[in-house]
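Novice: Quick one, entry12.cif (mmCIF, C-alpha atoms):
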```cif
data_start
loop_
_atom_site.group_PDB
_atom_site.id
_atom_site.type_symbol
_atom_site.label_atom_id
_atom_site.label_comp_id
_atom_site.auth_asym_id
_atom_site.auth_seq_id
_atom_site.Cartn_x
_atom_site.Cartn_y
_atom_site.Cartn_z
ATOM 1 C CA MET V 147 0.029 29.628 -24.150
ATOM 2 C CA ARG V 148 1.646 32.269 -26.378
ATOM 3 C CA SER V 149 1.949 34.678 -23.418
ATOM 4 C CA PHE V 150 3.500 31.915 -21.334
ATOM 5 C CA ASN V 151 6.089 31.190 -24.043
ATOM 6 C CA ILE V 152 6.923 34.885 -24.319
ATOM 7 C CA LEU V 153 7.382 35.031 -20.541
ATOM 8 C CA ARG V 154 9.701 32.015 -20.645
ATOM 9 C CA ILE V 155 11.810 33.647 -23.357
ATOM 10 C CA TYR V 156 11.972 36.881 -21.359
ATOM 11 C CA ILE V 157 13.007 35.077 -18.167
ATOM 12 C CA ARG V 158 15.663 33.140 -20.082
ATOM 13 C CA LYS V 159 17.087 36.371 -21.494
ATOM 14 C CA LEU V 160 17.180 37.934 -18.008
ATOM 15 C CA TRP V 161 18.962 34.868 -16.647
ATOM 16 C CA ARG V 162 21.499 35.007 -19.477
ATOM 17 C CA ILE V 163 22.217 38.690 -18.813
ATOM 18 C CA PHE V 164 22.577 37.955 -15.101
ATOM 19 C CA ILE V 165 24.953 34.994 -15.406
ATOM 20 C CA LEU V 166 27.131 36.707 -18.037
ATOM 21 C CA GLY V 167 27.327 39.796 -15.853
ATOM 22 C CA ILE V 168 28.466 37.688 -12.904
ATOM 23 C CA ASN V 169 30.927 35.922 -15.186
ATOM 24 C CA LYS V 170 32.626 39.224 -16.074
ATOM 25 C CA LEU V 171 33.212 39.867 -12.374
ATOM 26 C CA SER V 172 34.106 36.299 -11.379
ATOM 27 C CA PRO V 173 34.158 33.275 -13.700
ATOM 28 C CA VAL V 174 34.501 31.065 -10.621
ATOM 29 C CA PHE V 175 31.364 32.414 -8.923
ATOM 30 C CA ALA V 176 29.415 32.328 -12.197
ATOM 31 C CA THR V 177 30.404 28.693 -12.727
ATOM 32 C CA LYS V 178 29.287 27.811 -9.197
ATOM 33 C CA ILE V 179 25.896 29.479 -9.672
ATOM 34 C CA LEU V 180 25.299 27.889 -13.081
ATOM 35 C CA HIS V 181 26.422 24.474 -11.855
ATOM 36 C CA TYR V 182 23.986 24.627 -8.946
ATOM 37 C CA ARG V 183 21.128 25.777 -11.169
ATOM 38 C CA ILE V 184 21.628 22.852 -13.569
ATOM 39 C CA THR V 185 22.658 20.034 -11.202
ATOM 40 C CA GLY V 186 21.323 21.133 -7.823
ATOM 41 C CA GLN V 187 24.837 20.670 -6.400
ATOM 42 C CA TRP V 188 27.404 23.249 -5.311
ATOM 43 C CA VAL V 189 30.593 22.524 -7.234
ATOM 44 C CA ASN V 190 33.747 22.139 -5.133
ATOM 45 C CA LEU V 191 36.547 23.934 -6.989
ATOM 46 C CA LYS V 192 39.029 24.038 -4.124
ATOM 47 C CA ASN V 193 39.099 20.271 -3.789
ATOM 48 C CA PRO V 194 37.271 18.839 -6.834
ATOM 49 C CA ARG V 195 36.524 15.138 -6.611
ATOM 50 C CA ASP V 196 33.891 13.961 -9.055
ATOM 51 C CA PHE V 197 34.134 14.130 -12.839
ATOM 52 C CA ASN V 198 31.957 17.202 -13.370
ATOM 53 C CA GLU V 199 33.809 19.146 -10.660
ATOM 54 C CA LYS V 200 37.215 18.322 -12.111
ATOM 55 C CA LEU V 201 36.118 19.308 -15.605
ATOM 56 C CA GLN V 202 34.903 22.652 -14.247
ATOM 57 C CA TRP V 203 38.263 23.148 -12.533
ATOM 58 C CA ILE V 204 40.096 22.397 -15.793
ATOM 59 C CA LYS V 205 37.877 24.850 -17.669
ATOM 60 C CA LEU V 206 38.799 27.613 -15.242
ATOM 61 C CA ASN V 207 42.500 26.813 -15.007
ATOM 62 C CA GLU V 208 43.679 25.927 -18.509
ATOM 63 C CA ASP V 209 44.279 27.960 -21.670
ATOM 64 C CA ASN V 210 41.030 27.664 -23.611
ATOM 65 C CA ARG V 211 42.504 29.159 -26.781
ATOM 66 C CA VAL V 212 44.393 25.943 -27.499
ATOM 67 C CA LYS V 213 41.185 23.930 -27.267
ATOM 68 C CA ALA V 214 39.302 26.372 -29.496
ATOM 69 C CA ASP V 215 41.217 25.364 -32.627
ATOM 70 C CA LEU V 216 40.321 21.717 -32.064
ATOM 71 C CA ALA V 217 36.683 22.350 -31.145
ATOM 72 C CA ASP V 218 36.406 24.395 -34.369
ATOM 73 C CA LYS V 219 34.798 21.934 -36.800
ATOM 74 C CA PHE V 220 36.751 23.369 -39.741
ATOM 75 C CA LEU V 221 40.203 23.738 -38.172
ATOM 76 C CA ALA V 222 39.862 20.266 -36.636
ATOM 77 C CA TYR V 223 40.103 18.826 -40.154
ATOM 78 C CA LYS V 224 43.558 20.310 -40.609
ATOM 79 C CA TYR V 225 44.764 19.194 -37.188
ATOM 80 C CA VAL V 226 43.526 15.606 -37.580
ATOM 81 C CA GLU V 227 45.057 15.355 -41.039
ATOM 82 C CA SER V 228 48.420 16.575 -39.712
ATOM 83 C CA LYS V 229 48.388 14.000 -36.911
ATOM 84 C CA CYS V 230 46.602 11.010 -38.428
ATOM 85 C CA GLY V 231 46.292 11.534 -42.166
ATOM 86 C CA LYS V 232 43.113 11.750 -44.237
ATOM 87 C CA SER V 233 41.895 8.159 -43.884
ATOM 88 C CA ILE V 234 39.743 8.827 -40.803
ATOM 89 C CA LEU V 235 38.283 12.120 -42.036
ATOM 90 C CA ASN V 236 34.864 12.602 -43.549
ATOM 91 C CA ASN V 237 34.744 14.304 -46.950
ATOM 92 C CA LEU V 238 34.771 18.094 -46.474
ATOM 93 C CA ILE V 239 32.972 19.482 -49.518
ATOM 94 C CA ALA V 240 33.132 23.230 -48.876
ATOM 95 C CA VAL V 241 33.609 25.950 -46.270
ATOM 96 C CA TYR V 242 31.982 29.396 -46.284
ATOM 97 C CA ASP V 243 32.349 32.568 -44.239
ATOM 98 C CA ASN V 244 28.749 33.552 -44.982
ATOM 99 C CA PRO V 245 25.653 31.391 -45.623
ATOM 100 C CA THR V 246 24.744 33.555 -48.631
ATOM 101 C CA GLU V 247 27.910 32.277 -50.345
ATOM 102 C CA ILE V 248 26.720 28.655 -50.401
ATOM 103 C CA ASP V 249 26.873 27.133 -53.868
ATOM 104 C CA TRP V 250 23.884 24.817 -53.827
ATOM 105 C CA SER V 251 24.590 23.450 -57.308
ATOM 106 C CA MET V 252 27.783 21.703 -56.220
ATOM 107 C CA MET V 253 26.218 19.936 -53.241
ATOM 108 C CA PRO V 254 25.514 16.212 -53.431
ATOM 109 C CA GLU V 255 21.953 15.028 -52.860
ATOM 110 C CA LYS V 256 22.778 13.751 -49.354
ATOM 111 C CA VAL V 257 24.573 16.352 -47.297
ATOM 112 C CA ALA V 258 25.342 17.725 -43.839
ATOM 113 C CA ILE V 259 25.561 21.494 -43.342
ATOM 114 C CA LYS V 260 27.073 22.707 -40.075
ATOM 115 C CA CYS V 261 28.240 25.808 -38.264
ATOM 116 C CA THR V 262 31.742 25.384 -36.904
ATOM 117 C CA HIS V 263 31.530 27.208 -33.569
ATOM 118 C CA GLY V 264 29.230 25.045 -31.468
ATOM 119 C CA CYS V 265 27.111 21.930 -31.115
ATOM 120 C CA GLY V 266 23.665 21.305 -32.540
ATOM 121 C CA TYR V 267 24.096 23.717 -35.444
ATOM 122 C CA ASN V 268 23.414 21.001 -38.003
ATOM 123 C CA ILE V 269 21.157 20.609 -41.027
ATOM 124 C CA VAL V 270 21.301 17.054 -42.353
ATOM 125 C CA THR V 271 19.304 15.692 -45.255
ATOM 126 C CA LYS V 272 19.148 12.752 -47.619
ATOM 127 C CA ASP V 273 17.503 14.922 -50.277
ATOM 128 C CA LYS V 274 18.729 18.492 -50.649
ATOM 129 C CA SER V 275 15.830 19.308 -53.000
ATOM 130 C CA LEU V 276 13.557 19.203 -49.936
ATOM 131 C CA LEU V 277 15.446 22.047 -48.293
ATOM 132 C CA ASP V 278 14.099 25.576 -48.431
ATOM 133 C CA LYS V 279 17.284 27.455 -49.310
ATOM 134 C CA GLY V 280 16.069 30.755 -47.924
ATOM 135 C CA SER V 281 15.031 29.145 -44.651
ATOM 136 C CA VAL V 282 18.361 27.327 -44.364
ATOM 137 C CA GLU V 283 20.333 30.519 -44.991
ATOM 138 C CA ARG V 284 18.300 32.404 -42.376
ATOM 139 C CA LYS V 285 18.782 29.645 -39.831
ATOM 140 C CA LEU V 286 22.536 29.474 -40.465
ATOM 141 C CA THR V 287 22.814 33.276 -40.243
ATOM 142 C CA LYS V 288 20.998 33.216 -36.895
ATOM 143 C CA TRP V 289 23.276 30.473 -35.583
ATOM 144 C CA MET V 290 26.426 32.260 -36.738
ATOM 145 C CA GLY V 291 25.379 35.309 -34.734
ATOM 146 C CA GLU V 292 25.109 33.290 -31.531
ATOM 147 C CA LYS V 293 27.846 32.876 -28.935
ATOM 148 C CA PHE V 294 27.407 29.168 -28.305
ATOM 149 C CA GLY V 295 29.671 28.955 -25.274
ATOM 150 C CA ARG V 296 27.865 31.668 -23.324
ATOM 151 C CA GLU V 297 24.914 29.432 -22.403
ATOM 152 C CA GLY V 298 27.074 26.981 -20.451
ATOM 153 C CA LEU V 299 30.137 29.179 -19.811
ATOM 154 C CA GLU V 300 32.244 27.034 -22.135
ATOM 155 C CA TYR V 301 34.938 29.620 -22.732
ATOM 156 C CA HIS V 302 36.865 27.985 -25.573
ATOM 157 C CA TYR V 303 33.959 28.399 -28.001
ATOM 158 C CA ASP V 304 34.304 32.195 -27.765
ATOM 159 C CA PHE V 305 37.607 32.003 -29.667
ATOM 160 C CA ILE V 306 36.147 30.161 -32.674
ATOM 161 C CA VAL V 307 35.438 32.130 -35.852
ATOM 162 C CA PRO V 308 31.949 31.102 -37.055
ATOM 163 C CA ARG V 309 31.927 29.469 -40.485
ATOM 164 C CA VAL V 310 29.690 27.111 -42.401
ATOM 165 C CA ILE V 311 31.012 23.766 -43.580
ATOM 166 C CA VAL V 312 29.408 21.302 -45.955
ATOM 167 C CA GLU V 313 30.229 17.652 -45.344
ATOM 168 C CA GLU V 314 29.387 14.349 -46.941
ATOM 169 C CA TYR V 315 26.375 12.635 -45.378
ATOM 170 C CA ILE V 316 27.634 9.699 -43.295
ATOM 171 C CA GLU V 317 25.671 6.456 -43.611
ATOM 172 C CA ASP V 318 26.460 2.772 -43.590
ATOM 173 C CA SER V 319 25.875 0.269 -46.394
ATOM 174 C CA HIS V 320 22.248 -0.129 -45.247
ATOM 175 C CA GLY V 321 21.583 3.595 -45.568
ATOM 176 C CA LEU V 322 21.447 4.045 -41.792
ATOM 177 C CA LEU V 323 23.214 6.536 -39.565
ATOM 178 C CA PRO V 324 26.242 4.765 -38.059
ATOM 179 C CA ARG V 325 26.657 4.462 -34.318
ATOM 180 C CA ASP V 326 28.552 7.160 -32.501
ATOM 181 C CA TYR V 327 31.514 6.038 -30.354
ATOM 182 C CA LYS V 328 32.947 8.546 -27.908
ATOM 183 C CA VAL V 329 36.392 7.648 -26.570
ATOM 184 C CA TYR V 330 37.205 9.138 -23.153
ATOM 185 C CA CYS V 331 40.917 9.971 -22.914
ATOM 186 C CA PHE V 332 42.706 10.874 -19.687
ATOM 187 C CA ASN V 333 46.236 12.285 -19.889
ATOM 188 C CA GLY V 334 46.494 11.015 -23.444
ATOM 189 C CA LYS V 335 45.289 7.469 -22.703
ATOM 190 C CA ALA V 336 41.949 6.016 -23.765
ATOM 191 C CA LYS V 337 40.091 4.453 -20.839
ATOM 192 C CA LEU V 338 36.489 3.857 -21.915
ATOM 193 C CA VAL V 339 33.944 4.287 -24.681
ATOM 194 C CA LEU V 340 30.455 5.761 -24.655
ATOM 195 C CA VAL V 341 28.227 4.295 -27.366
ATOM 196 C CA CYS V 342 25.341 6.477 -28.586
ATOM 197 C CA SER V 343 22.651 4.594 -30.479
ATOM 198 C CA ASP V 344 18.972 4.671 -31.492
ATOM 199 C CA ARG V 345 18.975 8.426 -32.032
ATOM 200 C CA ASP V 346 15.781 8.249 -34.061
ATOM 201 C CA GLU V 347 13.912 6.168 -31.477
ATOM 202 C CA GLY V 348 15.247 7.758 -28.292
ATOM 203 C CA LEU V 349 18.946 8.208 -27.617
ATOM 204 C CA LYS V 350 20.608 5.367 -25.698
ATOM 205 C CA LEU V 351 23.905 5.678 -23.822
ATOM 206 C CA ASP V 352 26.043 2.639 -23.011
ATOM 207 C CA PHE V 353 29.520 2.638 -21.456
ATOM 208 C CA PHE V 354 32.240 0.027 -22.026
ATOM 209 C CA ASP V 355 35.867 -0.446 -21.050
ATOM 210 C CA LEU V 356 38.434 -1.163 -23.766
ATOM 211 C CA ASP V 357 37.949 -4.936 -23.345
ATOM 212 C CA TRP V 358 34.261 -4.320 -24.090
ATOM 213 C CA ASN V 359 32.986 -5.074 -20.630
ATOM 214 C CA ARG V 360 29.942 -2.999 -19.733
ATOM 215 C CA LEU V 361 30.599 -0.241 -17.198
ATOM 216 C CA ASN V 362 27.706 0.510 -14.862
ATOM 217 C CA ILE V 363 28.459 4.212 -14.593
ATOM 218 C CA GLY V 364 25.414 5.601 -16.388
ATOM 219 C CA LEU V 365 21.719 5.720 -15.581
ATOM 220 C CA LYS V 366 19.869 2.464 -16.245
ATOM 221 C CA LYS V 367 16.986 4.272 -17.932
ATOM 222 C CA ASN V 368 19.361 5.495 -20.655
ATOM 223 C CA GLU V 369 20.844 2.083 -21.494
ATOM 224 C CA SER V 370 19.907 0.161 -24.615
ATOM 225 C CA GLU V 371 18.025 -3.112 -24.308
ATOM 226 C CA LYS V 372 19.791 -4.364 -27.429
ATOM 227 C CA ASP V 373 23.169 -6.084 -27.480
ATOM 228 C CA ILE V 374 25.922 -3.576 -28.241
ATOM 229 C CA LEU V 375 28.616 -5.493 -30.081
ATOM 230 C CA ARG V 376 32.263 -4.474 -30.041
ATOM 231 C CA PRO V 377 32.974 -2.500 -33.236
ATOM 232 C CA GLY V 378 35.519 -4.074 -35.534
ATOM 233 C CA CYS V 379 37.382 -0.761 -35.758
ATOM 234 C CA LEU V 380 37.627 -0.201 -31.978
ATOM 235 C CA ASP V 381 41.409 -0.663 -31.977
ATOM 236 C CA GLU V 382 41.655 1.902 -34.771
ATOM 237 C CA MET V 383 39.502 4.355 -32.802
ATOM 238 C CA VAL V 384 41.603 3.936 -29.665
ATOM 239 C CA LYS V 385 44.846 4.320 -31.598
ATOM 240 C CA TYR V 386 43.843 7.593 -33.224
ATOM 241 C CA ALA V 387 42.097 8.890 -30.118
ATOM 242 C CA GLU V 388 45.309 8.600 -28.120
ATOM 243 C CA ILE V 389 47.289 10.380 -30.831
ATOM 244 C CA LEU V 390 44.802 13.248 -30.870
ATOM 245 C CA ALA V 391 44.433 13.372 -27.067
ATOM 246 C CA SER V 392 48.136 13.807 -26.406
ATOM 247 C CA GLY V 393 48.862 16.782 -24.158
ATOM 248 C CA PHE V 394 45.396 17.095 -22.633
ATOM 249 C CA ARG V 395 44.277 16.079 -19.150
ATOM 250 C CA PHE V 396 40.918 15.145 -20.611
ATOM 251 C CA VAL V 397 39.344 15.145 -24.034
ATOM 252 C CA ARG V 398 36.666 12.992 -25.590
ATOM 253 C CA ILE V 399 37.339 12.003 -29.184
ATOM 254 C CA ASP V 400 34.214 11.055 -31.117
ATOM 255 C CA PHE V 401 34.090 8.607 -34.013
ATOM 256 C CA TYR V 402 31.578 6.927 -36.291
ATOM 257 C CA ASP V 403 31.814 3.297 -37.371
ATOM 258 C CA LYS V 404 31.151 3.333 -41.101
ATOM 259 C CA ASP V 405 31.039 -0.295 -42.192
ATOM 260 C CA GLY V 406 34.102 -1.203 -40.134
ATOM 261 C CA SER V 407 36.090 1.985 -40.707
ATOM 262 C CA ALA V 408 36.588 4.681 -38.070
ATOM 263 C CA ILE V 409 35.506 8.173 -39.138
ATOM 264 C CA PHE V 410 36.502 11.103 -36.932
ATOM 265 C CA GLY V 411 33.623 13.139 -35.528
ATOM 266 C CA GLU V 412 34.849 15.866 -33.199
ATOM 267 C CA PHE V 413 36.815 16.894 -30.112
ATOM 268 C CA THR V 414 34.801 17.427 -26.941
ATOM 269 C CA PHE V 415 36.440 19.132 -23.959
ATOM 270 C CA THR V 416 33.339 20.061 -21.960
ATOM 271 C CA PRO V 417 30.819 17.199 -22.331
ATOM 272 C CA ALA V 418 27.316 18.295 -21.363
ATOM 273 C CA ARG V 419 28.840 21.660 -20.380
ATOM 274 C CA ASN V 420 30.633 19.862 -17.492
ATOM 275 C CA MET V 421 27.265 19.328 -15.808
ATOM 276 C CA ALA V 422 26.282 15.916 -17.165
ATOM 277 C CA SER V 423 23.290 14.249 -15.539
ATOM 278 C CA TYR V 424 23.592 10.916 -17.376
ATOM 279 C CA TYR V 425 26.137 9.411 -14.934
ATOM 280 C CA ASN V 426 25.119 7.713 -11.709
ATOM 281 C CA GLU V 427 26.812 8.650 -8.438
ATOM 282 C CA PHE V 428 29.349 5.851 -8.774
ATOM 283 C CA GLY V 429 30.066 6.914 -12.360
ATOM 284 C CA LEU V 430 30.870 10.493 -11.383
ATOM 285 C CA LYS V 431 33.264 9.195 -8.721
ATOM 286 C CA TYR V 432 34.799 6.565 -11.007
ATOM 287 C CA LEU V 433 35.491 9.025 -13.809
ATOM 288 C CA GLY V 434 36.714 11.599 -11.301
ATOM 289 C CA GLU V 435 39.342 9.158 -10.066
ATOM 290 C CA LEU V 436 40.577 8.656 -13.630
ATOM 291 C CA LEU V 437 41.058 12.401 -14.076
ATOM 292 C CA GLU V 438 44.223 13.421 -12.251
ATOM 293 C CA LEU V 439 44.713 17.046 -11.237
ATOM 294 C CA ASN V 440 47.450 18.854 -9.338
ATOM 295 C CA VAL V 441 45.186 21.363 -7.645
ATOM 296 C CA SER V 442 47.657 22.276 -4.911
ATOM 297 C CA SER V 443 50.405 23.314 -7.325
ATOM 298 C CA ARG V 444 50.720 27.100 -7.650
ATOM 299 C CA SER V 445 52.152 26.815 -11.140
ATOM 300 C CA ASP V 446 49.108 24.756 -12.139
ATOM 301 C CA ARG V 447 46.509 27.137 -10.753
ATOM 302 C CA VAL V 448 45.314 30.040 -12.877
ATOM 303 C CA ILE V 449 42.020 30.679 -11.117
ATOM 304 C CA SER V 450 41.243 29.669 -7.555
#
```
What is this structure when it is put down as structure tokens?
Specialist:
Amino acid sequence: MRSFNILRIYIRKLWRIFILGINKLSPVFATKILHYRITGQWVNLKNPRDFNEKLQWIKLNEDNRVKADLADKFLAYKYVESKCGKSILNNLIAVYDNPTEIDWSMMPEKVAIKCTHGCGYNIVTKDKSLLDKGSVERKLTKWMGEKFGREGLEYHYDFIVPRVIVEEYIEDSHGLLPRDYKVYCFNGKAKLVLVCSDRDEGLKLDFFDLDWNRLNIGLKKNESEKDILRPGCLDEMVKYAEILASGFRFVRIDFYDKDGSAIFGEFTFTPARNMASYYNEFGLKYLGELLELNVSSRSDRVIS
């Protein structure tokens, strides 16, 4: 088993070297190869139609440096505050350039520690005394040395300066993690919401329009069997999402519902690395029709 795991790691490293080498020569060709490897489909970049294809086209044809500042979990705080004020922001306790600088004495008991330059770089606890500080620092140092965007060719992450932020632990009045509401915005207008629930039991994904009618655009196996009630702060989420989404063809603005108040989560420009497998065929087409591109315009095309 150990030899097999070592072989898998070696093969993964070879693949990474290969795809990044191709990417240096042609980002378009590298994207096509990666997209096929993950989805089993050749992406059509000359005439993109479904949602994943159009997101790949946007990735290759827009300035990713602008998106980097918003995808940066630290700089996003400043941007959201400038546009919407502090009321929808979680409490940012501290920011560090190096994990060894962390002042553990000033942390609350319940805390979330994150790296700012990617997704999944999170250490969340209800009791900080249970954390092995040395282990946490080593893990954060490892994460900060990684180029998160390289795995899925998500170019905007390469422009983010890695930092560590310490945030307040988000929970509702029952001590539970609040539901995650992801607002899909097209050309600055909110169109639908993805609700993520039951993370501890097995993540469930449910889609709704803004009138809270269920949208059958995801896979049935991923849907919750429980009733998903309309959050009381949905109007607040939509309002702020549209403010923050202004100027972008597509961006997903994520929120938490903390006892009826909307708390900003993050900006997402490349959901599931633009190769999501949680939509059904109709869903990919439906979302693709919402995302308007001007592919034929020369002034709009950076990479063909």
Novice: Given the file shown, determine the residues that the PyMOL selection byres ((chain V and resi 372) around 12) selects; report them as a count of residues only.
Specialist: 12
Novice: Using the chain letters and numbers from the file, give me the residues hit by the PyMOL selection byres ((chain V and resi 223) around 10), as a list in words.
Specialist: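 Those residues are Leu216, Asp218, Lys219, Phe220, Leu221, Ala222, Lys224, Tyr225, Val226, Glu227, Ser228, Gly231, Lys232, Leu235, Asn236, Asn237, Leu238, Phe410, Gly411 and Glu412 of chain V.
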Novice: Quick one: of V:Tyr315, V:Phe175, V:Trp188, V:Tyr267, who's nearest to Ile239 of chain V, counting only C-alpha atoms?
Specialist: V:Tyr315
Novice: Could you work out how far atom CA of Glu388 of chain V lies from atom CA of Ala422 of chain V, giving the answer in Å with one decimal?
Specialist: 23.1 Å
Novice: Pick the closest to Arg183 of chain V from V:Val307, V:Met421, V:Ile409, V:Lys431: which is it, counting only C-alpha atoms?
Specialist: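 Of V:Val307, V:Met421, V:Ile409, V:Lys431, the one nearest Arg183 of chain V, counting only C-alpha atoms, is V:Met421.
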